[in-house]
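K.L.:
This one is final-v3.cif, mmCIF, C-alpha atoms.
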data_target
loop_
_atom_site.group_PDB
_atom_site.id
_atom_site.type_symbol
_atom_site.label_atom_id
_atom_site.label_comp_id
_atom_site.auth_asym_id
_atom_site.auth_seq_id
_atom_site.Cartn_x
_atom_site.Cartn_y
_atom_site.Cartn_z
ATOM 1 C CA MET A 1 27.215 0.313 -3.728
ATOM 2 C CA LEU A 2 24.304 2.110 -5.316
ATOM 3 C CA ALA A 3 23.915 5.876 -5.540
ATOM 4 C CA LEU A 4 20.528 7.532 -5.950
ATOM 5 C CA LEU A 5 20.921 11.126 -7.009
ATOM 6 C CA ASN A 6 17.374 12.313 -7.574
ATOM 7 C CA ARG A 7 15.688 12.393 -4.190
ATOM 8 C CA PRO A 8 14.194 15.916 -4.232
ATOM 9 C CA ARG A 9 13.939 17.763 -0.966
ATOM 10 C CA ASN A 10 10.429 18.964 -0.270
ATOM 11 C CA SER A 11 9.777 22.301 1.353
ATOM 12 C CA GLY A 12 6.009 22.553 1.507
ATOM 13 C CA THR A 13 4.884 22.961 -2.076
ATOM 14 C CA THR A 14 8.279 23.984 -3.445
ATOM 15 C CA MET A 15 10.744 21.420 -4.731
ATOM 16 C CA GLN A 16 14.346 22.112 -3.726
ATOM 17 C CA THR A 17 17.633 20.725 -4.978
ATOM 18 C CA PRO A 18 17.967 16.919 -4.946
ATOM 19 C CA GLU A 19 19.114 15.247 -1.744
ATOM 20 C CA PRO A 20 21.653 12.616 -2.787
ATOM 21 C CA VAL A 21 21.581 9.226 -1.125
ATOM 22 C CA ILE A 22 24.271 6.538 -1.244
ATOM 23 C CA ILE A 23 23.081 3.012 -0.496
ATOM 24 C CA VAL A 24 25.681 0.441 0.536
ATOM 25 C CA LEU A 25 24.485 -3.148 0.186
ATOM 26 C CA ALA A 26 25.857 -5.221 3.072
ATOM 27 C CA ALA A 27 23.179 -7.869 3.600
ATOM 28 C CA GLY A 28 24.347 -10.879 1.604
ATOM 29 C CA LEU A 29 25.805 -14.203 2.656
ATOM 30 C CA SER A 30 29.128 -13.852 0.788
ATOM 31 C CA ARG A 31 28.619 -17.409 -0.515
ATOM 32 C CA ARG A 32 31.239 -17.184 -3.243
ATOM 33 C CA PHE A 33 33.813 -16.051 -0.696
ATOM 34 C CA GLY A 34 33.601 -19.222 1.355
ATOM 35 C CA THR A 35 32.615 -19.577 4.981
ATOM 36 C CA GLN A 36 33.844 -16.161 6.165
ATOM 37 C CA ASN A 37 31.799 -12.998 5.674
ATOM 38 C CA LYS A 38 33.885 -11.020 3.178
ATOM 39 C CA LEU A 39 32.631 -7.744 4.639
ATOM 40 C CA LEU A 40 34.425 -8.525 7.891
ATOM 41 C CA ILE A 41 37.845 -9.454 6.481
ATOM 42 C CA ASP A 42 40.738 -7.142 7.284
ATOM 43 C CA TRP A 43 41.477 -4.653 4.519
ATOM 44 C CA GLU A 44 44.297 -2.208 5.180
ATOM 45 C CA GLY A 45 43.849 -2.546 8.928
ATOM 46 C CA GLU A 46 40.066 -2.414 9.186
ATOM 47 C CA PRO A 47 37.047 -4.522 8.197
ATOM 48 C CA LEU A 48 36.248 -4.265 4.480
ATOM 49 C CA ILE A 49 32.715 -2.931 5.102
ATOM 50 C CA ARG A 50 34.131 -0.081 7.184
ATOM 51 C CA ARG A 51 36.529 0.794 4.368
ATOM 52 C CA VAL A 52 33.690 0.719 1.811
ATOM 53 C CA VAL A 53 31.505 3.009 3.933
ATOM 54 C CA LYS A 54 34.368 5.469 4.455
ATOM 55 C CA ILE A 55 34.908 5.586 0.684
ATOM 56 C CA ALA A 56 31.163 6.166 0.210
ATOM 57 C CA GLN A 57 31.358 9.039 2.680
ATOM 58 C CA GLU A 58 34.328 10.487 0.810
ATOM 59 C CA CYS A 59 32.235 10.328 -2.379
ATOM 60 C CA GLY A 60 29.581 12.250 -0.475
ATOM 61 C CA ASP A 61 32.029 15.155 -0.299
ATOM 62 C CA LEU A 62 32.116 15.384 -4.098
ATOM 63 C CA ALA A 63 29.578 17.120 -6.314
ATOM 64 C CA PRO A 64 26.907 15.976 -7.168
ATOM 65 C CA LEU A 65 26.948 13.774 -4.043
ATOM 66 C CA GLN A 66 27.786 16.617 -1.693
ATOM 67 C CA SER A 67 26.408 15.915 1.791
ATOM 68 C CA ALA A 68 24.888 12.637 0.686
ATOM 69 C CA ARG A 69 23.167 10.498 3.274
ATOM 70 C CA VAL A 70 24.767 7.038 3.501
ATOM 71 C CA ILE A 71 22.362 4.160 4.096
ATOM 72 C CA VAL A 72 23.823 0.726 4.871
ATOM 73 C CA VAL A 73 21.502 -2.212 4.214
ATOM 74 C CA THR A 74 22.255 -5.126 6.536
ATOM 75 C CA GLY A 75 20.886 -8.646 6.720
ATOM 76 C CA HIS A 76 23.275 -11.557 7.258
ATOM 77 C CA GLU A 77 25.255 -10.937 10.484
ATOM 78 C CA ALA A 78 23.528 -7.554 10.798
ATOM 79 C CA ASP A 79 24.472 -7.075 14.456
ATOM 80 C CA ILE A 80 28.169 -7.538 13.715
ATOM 81 C CA ILE A 81 28.130 -5.265 10.654
ATOM 82 C CA GLU A 82 26.264 -2.556 12.561
ATOM 83 C CA GLU A 83 28.694 -2.804 15.488
ATOM 84 C CA VAL A 84 31.679 -2.373 13.132
ATOM 85 C CA LEU A 85 30.063 0.803 11.743
ATOM 86 C CA ALA A 86 28.490 2.094 14.985
ATOM 87 C CA ASP A 87 30.664 5.207 15.239
ATOM 88 C CA LEU A 88 30.180 6.291 11.615
ATOM 89 C CA PRO A 89 27.384 8.685 10.556
ATOM 90 C CA VAL A 90 25.244 6.211 8.616
ATOM 91 C CA THR A 91 21.630 5.097 8.625
ATOM 92 C CA PHE A 92 20.981 1.362 8.888
ATOM 93 C CA ALA A 93 18.200 -0.428 7.068
ATOM 94 C CA ARG A 94 17.729 -4.084 8.032
ATOM 95 C CA ASN A 95 16.590 -6.361 5.253
ATOM 96 C CA LYS A 96 14.815 -9.320 6.827
ATOM 97 C CA LEU A 97 14.294 -10.761 3.334
ATOM 98 C CA TYR A 98 17.989 -10.774 2.353
ATOM 99 C CA LEU A 99 17.886 -14.509 1.564
ATOM 100 C CA GLU A 100 15.491 -13.692 -1.300
ATOM 101 C CA GLY A 101 18.147 -11.796 -3.256
ATOM 102 C CA MET A 102 19.828 -8.477 -3.853
ATOM 103 C CA GLY A 103 16.648 -6.858 -5.137
ATOM 104 C CA THR A 104 15.152 -7.002 -1.648
ATOM 105 C CA SER A 105 18.225 -5.202 -0.290
ATOM 106 C CA ILE A 106 17.964 -2.480 -2.911
ATOM 107 C CA ALA A 107 14.271 -2.090 -2.030
ATOM 108 C CA ALA A 108 15.102 -1.873 1.700
ATOM 109 C CA GLY A 109 17.633 0.869 0.993
ATOM 110 C CA VAL A 110 15.219 2.838 -1.166
ATOM 111 C CA ARG A 111 12.524 2.555 1.529
ATOM 112 C CA ALA A 112 14.999 3.983 4.082
ATOM 113 C CA ALA A 113 15.739 6.974 1.829
ATOM 114 C CA PRO A 114 13.797 10.213 2.217
ATOM 115 C CA PRO A 115 10.389 9.923 0.559
ATOM 116 C CA LEU A 116 9.762 11.341 -2.850
ATOM 117 C CA PRO A 117 7.189 14.103 -2.516
ATOM 118 C CA VAL A 118 4.142 14.186 -4.731
ATOM 119 C CA PRO A 119 3.963 17.576 -6.458
ATOM 120 C CA SER A 120 0.914 19.559 -5.336
ATOM 121 C CA GLU A 121 -0.259 20.007 -8.912
ATOM 122 C CA THR A 122 -0.611 16.240 -9.436
ATOM 123 C CA VAL A 123 -4.258 15.377 -9.931
ATOM 124 C CA CYS A 124 -5.500 11.850 -9.504
ATOM 125 C CA PRO A 125 -8.414 10.886 -11.744
ATOM 126 C CA PRO A 126 -11.674 10.217 -9.920
ATOM 127 C CA SER A 127 -12.579 6.582 -9.450
ATOM 128 C CA ARG A 128 -15.182 5.284 -11.816
ATOM 129 C CA ALA A 129 -18.288 3.718 -10.369
ATOM 130 C CA ALA A 130 -19.155 0.331 -11.901
#
Can the structure in the file be given as structure tokens, please?
P.N.:
Amino acid sequence: MLALLNRPRNSGTTMQTPEPVIIVLAAGLSRRFGTQNKLLIDWEGEPLIRRVVKIAQECGDLAPLQSARVIVVTGHEADIIEEVLADLPVTFARNKLYLEGMGTSIAAGVRAAPPLPVPSETVCPPSRAA
């Protein structure tokens, strides 16, 4: 699980308090676990991924993660993972490049997060003619 705490909310030209985002990485193959997807094993009566997401949502009730958006990045067995979590208030981000490593899943989660606004006072230098 990865928590991003500094996603400022943008209200026109005024920056508001940060909008916290919790990214749950659920795209991997679980190779070290054997042939079964570890996210789907039973843990205290429910699939492990469901338990992890519920814990992430509970963290979202704590400051500074209050009302955090939970993004679940899927890849391997995405349809099954998404079905297990279908009734929970999460956003899914599918990582088609999950076989290329965890970094691609982190990137997919960040892309699914609210965009970072560019402050209005930012000035880009003019391009220089050659």
K.L.:
Using all atoms listed in the file, can you tell me which of A:Glu77, A:Glu100, A:Asp87, A:Glu19 comes closest to Gln36 of chain A?
P.N.:
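Comparing A:Glu77, A:Glu100, A:Asp87, A:Glu19 against Gln36 of chain A, the winner is A:Glu77.
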K.L.:
Between atom CA of Ser105 of chain A and atom CA of Thr74 of chain A, measure the distance and give it in Å to one decimal.
P.N.:
7.9 Å
K.L.:
Report the residues retrieved by the PyMOL selection byres ((chain A and resi 23) around 12) from the displayed file, expressed as number ranges by chain.
P.N.:
A: 1-5, 20-22, 24-27, 52-53, 56-57, 59-60, 65, 68-74, 90-93, 105-113
K.L.:
Go through A:Arg94, A:Leu48, A:Lys38, A:Glu58 one by one, measure the shortest atom-to-atom distance of each to Asp79 of chain A using all atoms listed in the file, and give the residue with the smallest value.
P.N.:
A:Arg94
K.L.:
What does the distance between atom CA of Trp43 of chain A and atom CA of Leu62 of chain A come to in Å, to one decimal place?
P.N.:
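Between atom CA of Trp43 of chain A and atom CA of Leu62 of chain A the gap works out to 23.7 Å.
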K.L.:
Name the closest residue to Glu83 of chain A among the candidates A:Phe33, A:Arg50, A:Leu97, A:Asp42; distances are taken between atoms, counting all atoms listed in the file.
P.N.:
A:Arg50
